[in-house]
2 protein chains.
Amino acid sequence: MSSAPRSLDAVQLGAYFALIEASSLLRHAVDQQLHEAGDLSYVQFQLLATLGDAPGGSRRMTDLADGVVYSRSGLTYQAQTLEKRGLVSRAPSRDDERSITVTITDEGRAVLAQVFPGHVAVLEELLFAALSPSDVETLAEILTRARDHMRQAPPRSAAPRRRRKAARAARA
Amino acid sequence: MSSAPRSLDAVQLGAYFALIEASSLLRHAVDQQLHEAGDLSYVQFQLLATLGDAPGGSRRMTDLADGVVYSRSGLTYQAQTLEKRGLVSRAPSRDDERSITVTITDEGRAVLAQVFPGHVAVLEELLFAALSPSDVETLAEILTRARDHMRQAPPRSAAPRRRRKAARAARA
DNA sequence: TATTGTTATACTCTATAACTATA
DNA sequence: TATAGTTATAGAGTATAACAATA
């Protein structure tokens, strides 16, 4: 347990507010573009894009969640929605019968392609227009470090399931 | 209209993903802390914090929205929620009878104080622990610039009301 | 006994459009 | 006629707990 300081200095506050607000504004704008161009929510786009980059366009449900969604049921919900639209398919994994492998379909890739130019345009106009190439590089370096740290940080009360062992005992 | 490039380079992609993911992880963690410590959503916290910093603890509804909420009805909803809990009060403005002035109450300030140490602790552990003071400074500078640019950028289809003039004519 | 994923359910939040009242 | 705010309503998303099936 580290001794947490009483408060933050002005620079820290500035960085925190700017981070939250910039990402919020950006995400809101991108979200709108995605809805207009392809009727996709941001989360759905993230899932499709993740699959699009994955080898074979496939990923197990559990691995897919990573950083995009914070609960299992949330992922199931989104996967179902995408499947109904024919943008992904789901099938039991061959090696582990418990897992489901999600795969992006051709139609899913088409929607991705359809949405992508506008997506890039929003990023250019909103985020990169105000930054020099060197700014972008610096930003990437610092934020990547921050993200990696957060990812491995012990989730305060997260770990949805892993932590529930006690509950079952209490019921008996 | 600028000629938007076909795609982004690897560094830009890295910066974009890191920004979205870092802010998402951070916001999720902070949101949980706020719920546990004071039964506040992140938006509610932002509104209270904004009021806490405002002169007299007051702000007009419209001015309060700024960057926190993206629709008028959304703000009304949150303001009502906070008022029911006694954390803010609302009264017609004296100078303009159309506007409502929202003011943080003593109880609102108490909740803010109750929640604040844990809030700072999360930020320290998750965001600042991985960054040097100089990183934080750099981050603040760049992201502030980005945010300010986004704020003044023409909202593609935003401006909830301002843009609706045509709709009325169509109904006639 | 732990893990993978689904379901049911309840709740929070957001957005649109129609409306009232003041400027 | 434009602005400030509310309401009704509907939809999207999220989380928790209980559940089934596999390892």
# chains A, B, ... in the order shown; residues from 1 in each chain; ligands from 1

$ residues_around --residues "region 7-20 of chain C" --least-positions-apart "2" --cutoff "8 Å" --atoms "only C-alpha atoms (C1' of nucleotides)" --output "CSV table (one decimal) with all heavy atoms, in the first residue's frame"
chain,number,residue,atom,x,y,z
B,71,SER,N,-26.5,16.4,-24.6
B,71,SER,CA,-27.9,16.8,-24.9
B,71,SER,C,-28.5,17.5,-23.7
B,71,SER,O,-28.2,17.2,-22.6
B,71,SER,CB,-28.7,15.5,-25.3
B,71,SER,OG,-29.1,14.8,-24.2
B,73,SER,N,-31.6,17.3,-22.7
B,73,SER,CA,-32.4,16.4,-21.8
B,73,SER,C,-31.6,15.5,-20.9
B,73,SER,O,-32.0,15.2,-19.8
B,73,SER,CB,-33.3,15.5,-22.7
B,73,SER,OG,-32.5,14.7,-23.5
B,74,GLY,N,-30.4,15.2,-21.4
B,74,GLY,CA,-29.5,14.4,-20.6
B,74,GLY,C,-29.1,15.2,-19.3
B,74,GLY,O,-29.0,14.7,-18.2
D,7,DT,P,-40.3,18.2,-15.9
D,7,DT,OP1,-41.3,18.4,-14.9
D,7,DT,OP2,-39.0,17.5,-15.5
D,7,DT,O5',-40.9,17.3,-17.1
D,7,DT,C5',-42.1,17.8,-17.7
D,7,DT,C4',-42.5,17.0,-18.9
D,7,DT,O4',-41.5,17.2,-19.9
D,7,DT,C3',-42.5,15.5,-18.6
D,7,DT,O3',-43.7,14.9,-18.9
D,7,DT,C2',-41.3,14.9,-19.5
D,7,DT,C1',-41.3,16.0,-20.6
D,7,DT,N1,-39.9,16.1,-21.2
D,7,DT,C2,-39.9,16.1,-22.6
D,7,DT,O2,-40.9,15.9,-23.3
D,7,DT,N3,-38.6,16.2,-23.2
D,7,DT,C4,-37.5,16.4,-22.5
D,7,DT,O4,-36.4,16.5,-23.1
D,7,DT,C5,-37.6,16.4,-21.0
D,7,DT,C7,-36.3,16.6,-20.2
D,7,DT,C6,-38.8,16.3,-20.5
D,19,DC,P,-30.4,-21.1,-10.2
D,19,DC,OP1,-31.8,-21.6,-10.2
D,19,DC,OP2,-29.4,-21.5,-9.2
D,19,DC,O5',-29.7,-21.6,-11.6
D,19,DC,C5',-30.5,-21.3,-12.8
D,19,DC,C4',-29.6,-21.6,-14.0
D,19,DC,O4',-28.5,-20.8,-14.0
D,19,DC,C3',-29.0,-23.0,-14.1
D,19,DC,O3',-29.8,-23.9,-14.9
D,19,DC,C2',-27.6,-22.8,-14.6
D,19,DC,C1',-27.5,-21.3,-14.9
D,19,DC,N1,-26.2,-20.8,-14.5
D,19,DC,C2,-25.3,-20.4,-15.6
D,19,DC,O2,-25.7,-20.6,-16.7
D,19,DC,N3,-24.1,-19.9,-15.3
D,19,DC,C4,-23.7,-19.8,-14.0
D,19,DC,N4,-22.5,-19.3,-13.8
D,19,DC,C5,-24.6,-20.2,-12.9
D,19,DC,C6,-25.8,-20.7,-13.2

$ closest_atom_pairs --of "chain B" --to "chain D" --cutoff "12 Å" --atoms "only C-alpha atoms (C1' of nucleotides)" --output "tab-separated table"
residue	atom	partner	partner_atom	distance
B:His28	CA	D:DT14	C1'	11.9
B:Gln32	CA	D:DA15	C1'	11.9
B:Arg60	CA	D:DA4	C1'	9.6
B:Met61	CA	D:DG5	C1'	8.2
B:Thr62	CA	D:DA4	C1'	7.7
B:Asp63	CA	D:DA4	C1'	11.1
B:Ser71	CA	D:DG5	C1'	11.6
B:Arg72	CA	D:DG5	C1'	7.9
B:Ser73	CA	D:DT6	C1'	7.6
B:Gly74	CA	D:DT6	C1'	10.9
B:Leu75	CA	D:DG5	C1'	9.9
B:Thr76	CA	D:DT6	C1'	7.4
B:Tyr77	CA	D:DT6	C1'	9.4
B:Ala79	CA	D:DG5	C1'	11.5
B:Gln80	CA	D:DT6	C1'	10.6
B:Arg90	CA	D:DG5	C1'	11.8
B:Ala91	CA	D:DG5	C1'	11.8
B:Pro92	CA	D:DG5	C1'	10.4
B:Ser93	CA	D:DA4	C1'	10.7
B:Asp96	CA	D:DA4	C1'	9.2
B:Glu97	CA	D:DA4	C1'	8.8
B:Arg98	CA	D:DA4	C1'	5.1
B:Ser99	CA	D:DA4	C1'	5.3
B:Ile100	CA	D:DG5	C1'	7.6
B:Thr101	CA	D:DA4	C1'	11.0
B:Arg161	CA	D:DT3	C1'	9.8
B:Arg162	CA	D:DA2	C1'	9.3
B:Arg163	CA	D:DA2	C1'	11.9
B:Arg164	CA	D:DA2	C1'	11.7
B:Lys165	CA	D:DA2	C1'	10.1

$ write_last_selection --atoms "N, CA and C atoms" --output "JSON list (two decimals), in the first residue's frame"
[["chain", "number", "residue", "atom", "x", "y", "z"],
["B", 28, "HIS", "N", -13.27, 3.77, -16.43],
["B", 28, "HIS", "CA", -13.97, 2.65, -15.83],
["B", 28, "HIS", "C", -13.57, 2.47, -14.37],
["B", 32, "GLN", "N", -16.01, 3.17, -11.02],
["B", 32, "GLN", "CA", -16.27, 2.21, -9.95],
["B", 32, "GLN", "C", -15.99, 2.79, -8.58],
["B", 60, "ARG", "N", -25.44, 28.24, -14.78],
["B", 60, "ARG", "CA", -26.67, 28.04, -15.54],
["B", 60, "ARG", "C", -26.65, 26.64, -16.17],
["B", 61, "MET", "N", -27.79, 26.09, -16.37],
["B", 61, "MET", "CA", -27.90, 24.76, -16.97],
["B", 61, "MET", "C", -27.08, 24.67, -18.24],
["B", 62, "THR", "N", -27.32, 25.60, -19.13],
["B", 62, "THR", "CA", -26.66, 25.57, -20.44],
["B", 62, "THR", "C", -25.13, 25.58, -20.31],
["B", 63, "ASP", "N", -24.63, 26.44, -19.43],
["B", 63, "ASP", "CA", -23.19, 26.54, -19.27],
["B", 63, "ASP", "C", -22.63, 25.29, -18.62],
["B", 71, "SER", "N", -26.50, 16.38, -24.57],
["B", 71, "SER", "CA", -27.87, 16.75, -24.93],
["B", 71, "SER", "C", -28.52, 17.46, -23.74],
["B", 72, "ARG", "N", -29.44, 18.32, -24.05],
["B", 72, "ARG", "CA", -30.11, 19.08, -23.01],
["B", 72, "ARG", "C", -30.91, 18.18, -22.08],
["B", 73, "SER", "N", -31.59, 17.25, -22.67],
["B", 73, "SER", "CA", -32.42, 16.39, -21.83],
["B", 73, "SER", "C", -31.57, 15.54, -20.91],
["B", 74, "GLY", "N", -30.39, 15.18, -21.40],
["B", 74, "GLY", "CA", -29.48, 14.42, -20.56],
["B", 74, "GLY", "C", -29.07, 15.21, -19.33],
["B", 75, "LEU", "N", -28.85, 16.48, -19.52],
["B", 75, "LEU", "CA", -28.48, 17.32, -18.39],
["B", 75, "LEU", "C", -29.65, 17.48, -17.42],
["B", 76, "THR", "N", -30.82, 17.69, -17.96],
["B", 76, "THR", "CA", -32.00, 17.80, -17.11],
["B", 76, "THR", "C", -32.14, 16.55, -16.25],
["B", 77, "TYR", "N", -31.96, 15.41, -16.89],
["B", 77, "TYR", "CA", -32.07, 14.14, -16.17],
["B", 77, "TYR", "C", -31.08, 14.07, -15.01],
["B", 79, "ALA", "N", -29.47, 16.53, -13.56],
["B", 79, "ALA", "CA", -29.72, 17.58, -12.57],
["B", 79, "ALA", "C", -30.87, 17.17, -11.65],
["B", 80, "GLN", "N", -31.87, 16.55, -12.22],
["B", 80, "GLN", "CA", -32.99, 16.09, -11.40],
["B", 80, "GLN", "C", -32.55, 15.02, -10.42],
["B", 90, "ARG", "N", -31.93, 23.93, -7.55],
["B", 90, "ARG", "CA", -32.18, 24.65, -8.79],
["B", 90, "ARG", "C", -33.18, 25.77, -8.58],
["B", 91, "ALA", "N", -32.90, 26.90, -9.19],
["B", 91, "ALA", "CA", -33.81, 28.03, -9.06],
["B", 91, "ALA", "C", -33.73, 28.89, -10.32],
["B", 92, "PRO", "N", -34.82, 29.52, -10.68],
["B", 92, "PRO", "CA", -34.81, 30.40, -11.85],
["B", 92, "PRO", "C", -33.79, 31.51, -11.66],
["B", 93, "SER", "N", -33.09, 31.85, -12.72],
["B", 93, "SER", "CA", -32.12, 32.94, -12.65],
["B", 93, "SER", "C", -32.84, 34.27, -12.55],
["B", 96, "ASP", "N", -32.35, 36.40, -16.14],
["B", 96, "ASP", "CA", -33.05, 35.85, -17.30],
["B", 96, "ASP", "C", -34.02, 34.78, -16.82],
["B", 97, "GLU", "N", -35.28, 35.08, -16.89],
["B", 97, "GLU", "CA", -36.30, 34.19, -16.32],
["B", 97, "GLU", "C", -36.39, 32.84, -17.02],
["B", 98, "ARG", "N", -35.76, 32.76, -18.19],
["B", 98, "ARG", "CA", -35.80, 31.47, -18.88],
["B", 98, "ARG", "C", -34.80, 30.48, -18.29],
["B", 99, "SER", "N", -33.71, 30.99, -17.77],
["B", 99, "SER", "CA", -32.64, 30.09, -17.33],
["B", 99, "SER", "C", -32.83, 29.59, -15.90],
["B", 100, "ILE", "N", -32.23, 28.48, -15.64],
["B", 100, "ILE", "CA", -32.21, 27.89, -14.31],
["B", 100, "ILE", "C", -30.77, 27.92, -13.81],
["B", 101, "THR", "N", -30.63, 28.36, -12.58],
["B", 101, "THR", "CA", -29.31, 28.34, -11.97],
["B", 101, "THR", "C", -29.20, 27.13, -11.05],
["B", 161, "ARG", "N", -29.73, 21.66, -31.19],
["B", 161, "ARG", "CA", -30.86, 22.48, -31.54],
["B", 161, "ARG", "C", -30.56, 23.34, -32.76],
["B", 162, "ARG", "N", -29.62, 24.21, -32.55],
["B", 162, "ARG", "CA", -29.20, 25.23, -33.51],
["B", 162, "ARG", "C", -29.43, 24.90, -34.97],
["B", 163, "ARG", "N", -29.56, 23.61, -35.26],
["B", 163, "ARG", "CA", -29.51, 23.19, -36.65],
["B", 163, "ARG", "C", -30.86, 22.72, -37.15],
["B", 164, "ARG", "N", -31.84, 22.79, -36.32],
["B", 164, "ARG", "CA", -33.12, 22.15, -36.59],
["B", 164, "ARG", "C", -34.13, 23.04, -37.31],
["B", 165, "LYS", "N", -33.71, 24.21, -37.68],
["B", 165, "LYS", "CA", -34.65, 25.18, -38.23],
["B", 165, "LYS", "C", -35.50, 24.56, -39.35]]

$ closest_residue --among "B:Val88, B:Ser132, B:His119, B:Ser41" --to "chain C" --atoms "only C-alpha atoms (C1' of nucleotides)"
B:Ser41

$ atom_distance --atom1 "CA of Glu141 (chain A)" --atom2 "CA of Leu26 (chain A)"
19.2 Å

$ atom_distance --atom1 "CA of Arg147 (chain B)" --atom2 "CA of Val43 (chain B)"
18.0 Å

$ select_by_dssp --residues "chain B" --states "strand (DSSP E)" --output "PyMOL selection string"
chain B and resi 58-60+88-92+100-104

$ interface_residues --of "chain C" --to "chain A" --cutoff "8 Å" --atoms "only C-alpha atoms (C1' of nucleotides)" --output "list of chain:residue names"
C:DT4, C:DG5, C:DT6

$ write_last_selection --atoms "C-alpha atoms (C1' of nucleotides)" --output "mmCIF file, in the first residue's frame"
data_model
loop_
_atom_site.group_PDB
_atom_site.id
_atom_site.type_symbol
_atom_site.label_atom_id
_atom_site.label_comp_id
_atom_site.auth_asym_id
_atom_site.auth_seq_id
_atom_site.Cartn_x
_atom_site.Cartn_y
_atom_site.Cartn_z
ATOM 1 C "C1'" DT C 4 -16.617 -20.640 -20.802
ATOM 2 C "C1'" DG C 5 -20.489 -18.625 -22.208
ATOM 3 C "C1'" DT C 6 -25.685 -17.592 -21.994
#

$ closest_atom_pairs --of "chain A" --to "chain B" --cutoff "6 Å" --atoms "only C-alpha atoms" --output "JSON lines"
{"residue": "A:Ala4", "atom": "CA", "partner": "B:Ala121", "partner_atom": "CA", "distance": 5.7}
{"residue": "A:Gly14", "atom": "CA", "partner": "B:Ala140", "partner_atom": "CA", "distance": 5.6}
{"residue": "A:Ala15", "atom": "CA", "partner": "B:Ala140", "partner_atom": "CA", "distance": 3.9}
{"residue": "A:Ala18", "atom": "CA", "partner": "B:Thr144", "partner_atom": "CA", "distance": 5.2}
{"residue": "A:Ala22", "atom": "CA", "partner": "B:Arg147", "partner_atom": "CA", "distance": 4.7}
{"residue": "A:Ala121", "atom": "CA", "partner": "B:Ala4", "partner_atom": "CA", "distance": 5.7}
{"residue": "A:Leu126", "atom": "CA", "partner": "B:Met150", "partner_atom": "CA", "distance": 5.4}
{"residue": "A:Ala130", "atom": "CA", "partner": "B:Ala146", "partner_atom": "CA", "distance": 5.8}
{"residue": "A:Leu139", "atom": "CA", "partner": "B:Ala15", "partner_atom": "CA", "distance": 5.9}
{"residue": "A:Ala140", "atom": "CA", "partner": "B:Ala15", "partner_atom": "CA", "distance": 3.9}
{"residue": "A:Leu143", "atom": "CA", "partner": "B:Ala18", "partner_atom": "CA", "distance": 5.4}
{"residue": "A:Thr144", "atom": "CA", "partner": "B:Ala18", "partner_atom": "CA", "distance": 5.2}
{"residue": "A:Ala146", "atom": "CA", "partner": "B:Ala130", "partner_atom": "CA", "distance": 5.8}
{"residue": "A:Arg147", "atom": "CA", "partner": "B:Ala22", "partner_atom": "CA", "distance": 4.7}
{"residue": "A:Met150", "atom": "CA", "partner": "B:Leu126", "partner_atom": "CA", "distance": 5.4}

$ write_last_selection --atoms "N, CA, C and O atoms" --output "compact mmCIF listing (two decimals), in the first residue's frame"
# COMPACT_ATOMS: atom_id res chain seq x y z
N ALA A 4 -0.84 7.46 -0.48
CA ALA A 4 -1.41 8.33 -1.52
C ALA A 4 -1.36 9.78 -1.08
O ALA A 4 -1.76 10.10 0.04
N GLY A 14 -4.51 19.17 -14.89
CA GLY A 14 -4.65 19.56 -16.29
C GLY A 14 -4.55 18.38 -17.22
O GLY A 14 -5.33 18.23 -18.16
N ALA A 15 -3.59 17.51 -16.95
CA ALA A 15 -3.41 16.33 -17.80
C ALA A 15 -4.63 15.42 -17.69
O ALA A 15 -5.13 14.90 -18.70
N ALA A 18 -7.72 17.07 -19.39
CA ALA A 18 -7.54 17.10 -20.85
C ALA A 18 -7.69 15.70 -21.43
O ALA A 18 -8.28 15.51 -22.49
N ALA A 22 -10.71 15.24 -23.90
CA ALA A 22 -10.33 15.02 -25.29
C ALA A 22 -10.85 13.66 -25.77
O ALA A 22 -11.44 13.55 -26.85
N ALA A 121 -11.09 10.21 -41.45
CA ALA A 121 -11.27 11.65 -41.66
C ALA A 121 -11.57 12.37 -40.35
O ALA A 121 -11.02 13.45 -40.09
N LEU A 126 -10.15 16.05 -36.19
CA LEU A 126 -10.34 16.37 -34.78
C LEU A 126 -9.09 16.19 -33.94
O LEU A 126 -8.76 17.04 -33.12
N ALA A 130 -4.46 19.20 -34.93
CA ALA A 130 -3.89 20.14 -33.97
C ALA A 130 -2.50 19.71 -33.48
O ALA A 130 -1.89 20.39 -32.67
N LEU A 139 2.86 11.44 -27.83
CA LEU A 139 1.58 11.01 -27.25
C LEU A 139 1.48 9.50 -27.25
O LEU A 139 1.09 8.88 -26.25
N ALA A 140 1.81 8.91 -28.38
CA ALA A 140 1.74 7.45 -28.49
C ALA A 140 2.63 6.79 -27.45
O ALA A 140 2.22 5.85 -26.77
N LEU A 143 1.17 7.48 -23.75
CA LEU A 143 -0.12 6.85 -23.49
C LEU A 143 -0.05 5.33 -23.57
O LEU A 143 -0.80 4.62 -22.89
N THR A 144 0.83 4.84 -24.42
CA THR A 144 1.00 3.39 -24.48
C THR A 144 1.55 2.87 -23.16
O THR A 144 1.09 1.85 -22.63
N ALA A 146 1.18 4.32 -20.28
CA ALA A 146 0.10 4.44 -19.30
C ALA A 146 -0.89 3.28 -19.44
O ALA A 146 -1.29 2.65 -18.45
N ARG A 147 -1.28 3.02 -20.66
CA ARG A 147 -2.24 1.95 -20.90
C ARG A 147 -1.72 0.59 -20.44
O ARG A 147 -2.43 -0.15 -19.76
N MET A 150 -1.93 0.35 -16.77
CA MET A 150 -3.31 0.17 -16.27
C MET A 150 -3.79 -1.24 -16.50
O MET A 150 -4.52 -1.80 -15.69

$ residues_around --residues "region 56-59 of chain B" --least-positions-apart "5" --cutoff "9 Å" --atoms "only C-alpha atoms (C1' of nucleotides)" --output "list in words"
Thr50, Leu51, Leu64, Ile100, Thr101, Val102, Thr103, Ile104 and Thr105 of chain B

$ write_last_selection --atoms "N, CA, C and O atoms" --output "PDB file, in the first residue's frame"
ATOM      1  N   THR B  50     -17.628  20.455 -11.275  1.00  0.00           N
ATOM      2  CA  THR B  50     -17.705  21.719 -12.013  1.00  0.00           C
ATOM      3  C   THR B  50     -18.369  22.797 -11.168  1.00  0.00           C
ATOM      4  O   THR B  50     -17.890  23.926 -11.075  1.00  0.00           O
ATOM      5  N   LEU B  51     -19.459  22.430 -10.536  1.00  0.00           N
ATOM      6  CA  LEU B  51     -20.150  23.380  -9.670  1.00  0.00           C
ATOM      7  C   LEU B  51     -19.276  23.764  -8.477  1.00  0.00           C
ATOM      8  O   LEU B  51     -19.245  24.931  -8.065  1.00  0.00           O
ATOM      9  N   LEU B  64     -23.454  24.627 -17.857  1.00  0.00           N
ATOM     10  CA  LEU B  64     -23.004  23.456 -17.120  1.00  0.00           C
ATOM     11  C   LEU B  64     -22.713  22.268 -18.043  1.00  0.00           C
ATOM     12  O   LEU B  64     -21.860  21.431 -17.767  1.00  0.00           O
ATOM     13  N   ILE B 100     -32.229  28.478 -15.638  1.00  0.00           N
ATOM     14  CA  ILE B 100     -32.211  27.886 -14.311  1.00  0.00           C
ATOM     15  C   ILE B 100     -30.775  27.922 -13.805  1.00  0.00           C
ATOM     16  O   ILE B 100     -29.849  27.567 -14.529  1.00  0.00           O
ATOM     17  N   THR B 101     -30.627  28.362 -12.578  1.00  0.00           N
ATOM     18  CA  THR B 101     -29.310  28.343 -11.966  1.00  0.00           C
ATOM     19  C   THR B 101     -29.198  27.129 -11.054  1.00  0.00           C
ATOM     20  O   THR B 101     -30.022  26.933 -10.168  1.00  0.00           O
ATOM     21  N   VAL B 102     -28.179  26.351 -11.298  1.00  0.00           N
ATOM     22  CA  VAL B 102     -27.946  25.159 -10.480  1.00  0.00           C
ATOM     23  C   VAL B 102     -26.856  25.472  -9.475  1.00  0.00           C
ATOM     24  O   VAL B 102     -25.831  26.044  -9.823  1.00  0.00           O
ATOM     25  N   THR B 103     -27.088  25.087  -8.226  1.00  0.00           N
ATOM     26  CA  THR B 103     -26.113  25.380  -7.178  1.00  0.00           C
ATOM     27  C   THR B 103     -25.812  24.132  -6.364  1.00  0.00           C
ATOM     28  O   THR B 103     -26.720  23.383  -6.001  1.00  0.00           O
ATOM     29  N   ILE B 104     -24.553  23.919  -6.101  1.00  0.00           N
ATOM     30  CA  ILE B 104     -24.179  22.778  -5.264  1.00  0.00           C
ATOM     31  C   ILE B 104     -24.522  23.077  -3.813  1.00  0.00           C
ATOM     32  O   ILE B 104     -24.335  24.197  -3.344  1.00  0.00           O
ATOM     33  N   THR B 105     -25.057  22.089  -3.107  1.00  0.00           N
ATOM     34  CA  THR B 105     -25.427  22.287  -1.703  1.00  0.00           C
ATOM     35  C   THR B 105     -24.275  21.861  -0.795  1.00  0.00           C
ATOM     36  O   THR B 105     -23.290  21.294  -1.252  1.00  0.00           O
TER      37      THR B 105
END

$ atom_distance --atom1 "CA of Ala65 (chain A)" --atom2 "CA of Gln46 (chain A)"
10.1 Å

$ select_by_dssp --residues "region 65-107 of chain A" --states "alpha helix (DSSP H)" --output "list in words"
Ala65, Arg72, Ser73, Gly74, Leu75, Thr76, Tyr77, Gln78, Ala79, Gln80, Thr81, Leu82, Glu83, Lys84, Asp106 and Glu107 of chain A

$ write_last_selection --atoms "N, CA, C and O atoms" --output "PDB file, in the first residue's frame"
ATOM      1  N   ALA A  65     -12.823  -9.825 -25.441  1.00  0.00           N
ATOM      2  CA  ALA A  65     -13.267  -8.809 -24.492  1.00  0.00           C
ATOM      3  C   ALA A  65     -12.187  -7.748 -24.257  1.00  0.00           C
ATOM      4  O   ALA A  65     -12.438  -6.542 -24.311  1.00  0.00           O
ATOM      5  N   ARG A  72     -18.831 -10.153 -19.194  1.00  0.00           N
ATOM      6  CA  ARG A  72     -19.068 -11.230 -20.132  1.00  0.00           C
ATOM      7  C   ARG A  72     -20.416 -11.074 -20.813  1.00  0.00           C
ATOM      8  O   ARG A  72     -20.555 -11.269 -22.012  1.00  0.00           O
ATOM      9  N   SER A  73     -21.387 -10.758 -20.035  1.00  0.00           N
ATOM     10  CA  SER A  73     -22.723 -10.665 -20.627  1.00  0.00           C
ATOM     11  C   SER A  73     -22.784  -9.527 -21.640  1.00  0.00           C
ATOM     12  O   SER A  73     -23.506  -9.605 -22.634  1.00  0.00           O
ATOM     13  N   GLY A  74     -22.012  -8.492 -21.370  1.00  0.00           N
ATOM     14  CA  GLY A  74     -21.949  -7.388 -22.316  1.00  0.00           C
ATOM     15  C   GLY A  74     -21.397  -7.838 -23.653  1.00  0.00           C
ATOM     16  O   GLY A  74     -21.895  -7.441 -24.710  1.00  0.00           O
ATOM     17  N   LEU A  75     -20.407  -8.673 -23.600  1.00  0.00           N
ATOM     18  CA  LEU A  75     -19.825  -9.173 -24.841  1.00  0.00           C
ATOM     19  C   LEU A  75     -20.803 -10.098 -25.566  1.00  0.00           C
ATOM     20  O   LEU A  75     -20.967 -10.020 -26.791  1.00  0.00           O
ATOM     21  N   THR A  76     -21.460 -10.957 -24.819  1.00  0.00           N
ATOM     22  CA  THR A  76     -22.465 -11.827 -25.420  1.00  0.00           C
ATOM     23  C   THR A  76     -23.525 -10.990 -26.140  1.00  0.00           C
ATOM     24  O   THR A  76     -23.902 -11.290 -27.277  1.00  0.00           O
ATOM     25  N   TYR A  77     -23.969  -9.953 -25.469  1.00  0.00           N
ATOM     26  CA  TYR A  77     -24.974  -9.074 -26.064  1.00  0.00           C
ATOM     27  C   TYR A  77     -24.496  -8.492 -27.392  1.00  0.00           C
ATOM     28  O   TYR A  77     -25.196  -8.546 -28.406  1.00  0.00           O
ATOM     29  N   GLN A  78     -23.290  -7.966 -27.407  1.00  0.00           N
ATOM     30  CA  GLN A  78     -22.769  -7.343 -28.616  1.00  0.00           C
ATOM     31  C   GLN A  78     -22.528  -8.379 -29.711  1.00  0.00           C
ATOM     32  O   GLN A  78     -22.799  -8.131 -30.891  1.00  0.00           O
ATOM     33  N   ALA A  79     -22.025  -9.525 -29.316  1.00  0.00           N
ATOM     34  CA  ALA A  79     -21.759 -10.574 -30.301  1.00  0.00           C
ATOM     35  C   ALA A  79     -23.072 -11.032 -30.953  1.00  0.00           C
ATOM     36  O   ALA A  79     -23.128 -11.271 -32.168  1.00  0.00           O
ATOM     37  N   GLN A  80     -24.101 -11.142 -30.155  1.00  0.00           N
ATOM     38  CA  GLN A  80     -25.410 -11.520 -30.693  1.00  0.00           C
ATOM     39  C   GLN A  80     -25.926 -10.481 -31.678  1.00  0.00           C
ATOM     40  O   GLN A  80     -26.462 -10.812 -32.733  1.00  0.00           O
ATOM     41  N   THR A  81     -25.790  -9.250 -31.283  1.00  0.00           N
ATOM     42  CA  THR A  81     -26.230  -8.161 -32.158  1.00  0.00           C
ATOM     43  C   THR A  81     -25.504  -8.211 -33.497  1.00  0.00           C
ATOM     44  O   THR A  81     -26.120  -8.110 -34.563  1.00  0.00           O
ATOM     45  N   LEU A  82     -24.194  -8.376 -33.441  1.00  0.00           N
ATOM     46  CA  LEU A  82     -23.401  -8.427 -34.667  1.00  0.00           C
ATOM     47  C   LEU A  82     -23.738  -9.673 -35.486  1.00  0.00           C
ATOM     48  O   LEU A  82     -23.743  -9.637 -36.716  1.00  0.00           O
ATOM     49  N   GLU A  83     -24.034 -10.761 -34.807  1.00  0.00           N
ATOM     50  CA  GLU A  83     -24.355 -11.994 -35.515  1.00  0.00           C
ATOM     51  C   GLU A  83     -25.700 -11.871 -36.237  1.00  0.00           C
ATOM     52  O   GLU A  83     -25.848 -12.310 -37.383  1.00  0.00           O
ATOM     53  N   LYS A  84     -26.654 -11.254 -35.577  1.00  0.00           N
ATOM     54  CA  LYS A  84     -27.964 -11.048 -36.196  1.00  0.00           C
ATOM     55  C   LYS A  84     -27.842 -10.275 -37.501  1.00  0.00           C
ATOM     56  O   LYS A  84     -28.593 -10.499 -38.444  1.00  0.00           O
ATOM     57  N   ASP A 106     -17.485 -11.793 -44.443  1.00  0.00           N
ATOM     58  CA  ASP A 106     -17.184 -10.891 -45.548  1.00  0.00           C
ATOM     59  C   ASP A 106     -18.020  -9.620 -45.428  1.00  0.00           C
ATOM     60  O   ASP A 106     -17.539  -8.516 -45.688  1.00  0.00           O
ATOM     61  N   GLU A 107     -19.253  -9.811 -45.033  1.00  0.00           N
ATOM     62  CA  GLU A 107     -20.111  -8.652 -44.862  1.00  0.00           C
ATOM     63  C   GLU A 107     -19.596  -7.754 -43.742  1.00  0.00           C
ATOM     64  O   GLU A 107     -19.662  -6.525 -43.827  1.00  0.00           O
TER      65      GLU A 107
END
